[in-house]
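Beneath this line is the structure, given in structure tokens, with notes to follow.
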Amino acid sequence: RETPHHPLAAHGITATYNGFTALDGVDLSVPPGHITAVVGPNGAGKSTLFHCLAGTLRPDKGQITYDGHDITRTPAHARTRLGVARTFQQLAVFPSLTITENVQVGAEQAARAHSPETGTTTQALRLLSLHGDNTRHHPAADLPTGTLRRVELARALAGRPHTLLLDEPAAGLDSAEVAALARILRALAADGMALLVVEHDIDLVANLADTVHVMAAGRIITSGPPTEVLHRAAP
Ligand code: ADP
Ligand code: MG
């Protein structure tokens, strides 16, 4: 995999909903080989920032750049093809498709004209321990939340992203599933991927992130390694 020289980054991002300022001048970068986390209370602006990075919300001010290019006006599907994949806070699998078909959709959505990939669906299924799963030919509608979260992650990974954006990936998972997820995310970062995790679960972030950004009321109020930042936030 080619590692982007310049990561996905937000520069002075301000976003409003009908005049309400949800993000107020946010700067953040998502470096390769690194797990970056955004934490903060409900309403802090985490999902709004996530949408600006993913391309599902246009900021009112500021720029989003990727690999040195301004992508502020690049729509979400085109960002996927550039190598920026995402998962959803609300699970977004196609209920009538099987696990395998759901993951194939991810591979197809991300297919980059210059580098058609083969075997990525199988690789993604293997990585998420779904390949040997007997349920992989069942409709997703019948499967438990823990499996669906893995399907979603496999679908994002099937496009071989350089950067992976995860909104509350631990939602609905039990502690064993959270631990398994953390192992997978660490392995992806060790392989050079840039990961951004927006997360409510402070324990997951404390054990996972290299850098934590704490948000409140639309701003990043402190940033640093979890040992410093999370300690200070909860003495
Ligand atoms: P978080 O993900 O940290 O809980 P959000 O980014 O979802 O925070 O929300 C930030 C603020 O913006 C909150 O006050 C929320 O009520 C408001 N907000 C979010 N989405 C919308 C929307 N679609 N319309 C109006 N206000 C919104
Ligand atoms: Mg949110």
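Ordering of the structure tokens sets the chain letters (A, B, ...), residue numbers begin anew at 1 in every chain, and ligands are numbered from 1 in the order given.
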
For Arg58 of chain A, list every protein, DNA or RNA residue within 10 Å, evaluated using only C-alpha atoms, and leave out those in the same chain fewer than 3 positions away; present the list as a CSV table (one decimal) with C-alpha atoms, in the first residue's frame.
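Heads up, here's the output in around-v7.csv:
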chain,number,residue,atom,x,y,z
A,13,ILE,CA,-13.7,23.8,10.2
A,14,THR,CA,-16.8,25.6,11.2
A,15,ALA,CA,-20.2,24.0,10.7
A,16,THR,CA,-23.7,25.2,11.5
A,48,THR,CA,-20.5,16.7,12.8
A,51,HIS,CA,-19.4,14.0,8.6
A,52,CYS,CA,-17.2,16.9,7.4
A,53,LEU,CA,-14.2,14.5,7.1
A,54,ALA,CA,-16.3,11.9,5.3
A,55,GLY,CA,-17.9,14.3,2.9
A,61,LYS,CA,-15.8,27.7,6.8
A,62,GLY,CA,-12.4,26.0,6.6
A,63,GLN,CA,-10.9,23.3,4.4
A,64,ILE,CA,-10.6,19.5,4.4
A,72,THR,CA,-13.7,20.3,0.9
A,73,ARG,CA,-16.1,20.1,-2.1
A,74,THR,CA,-15.4,16.4,-3.0
A,75,PRO,CA,-18.5,14.3,-2.4

Quiz item: Just asking: which residues within segment 81-208 of chain A are alpha helix (DSSP H) according to DSSP, as a PyMOL selection string?
Solution: chain A and resi 81-82+99-110+120-127+145-157+175-190+202-208

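Each of A:Val198, A:Ala141, A:Val229, A:Ile99 was compared to Leu165 of chain A using only C-alpha atoms, and A:Val198 turns out to be the nearest.
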
Exercise. Show me which residues sit within 12 Å of ligand 2 when counting only C-alpha atoms and all ligand atoms, and put them as a PyMOL selection string.
Key: chain A and resi 22+38-51+88-90+166-169+171+197-201+215

Quiz item: Among segment 146-175 of chain A, which ones does DSSP place in strand (DSSP E or B), written as a PyMOL selection string?
Solution: chain A and resi 163-167
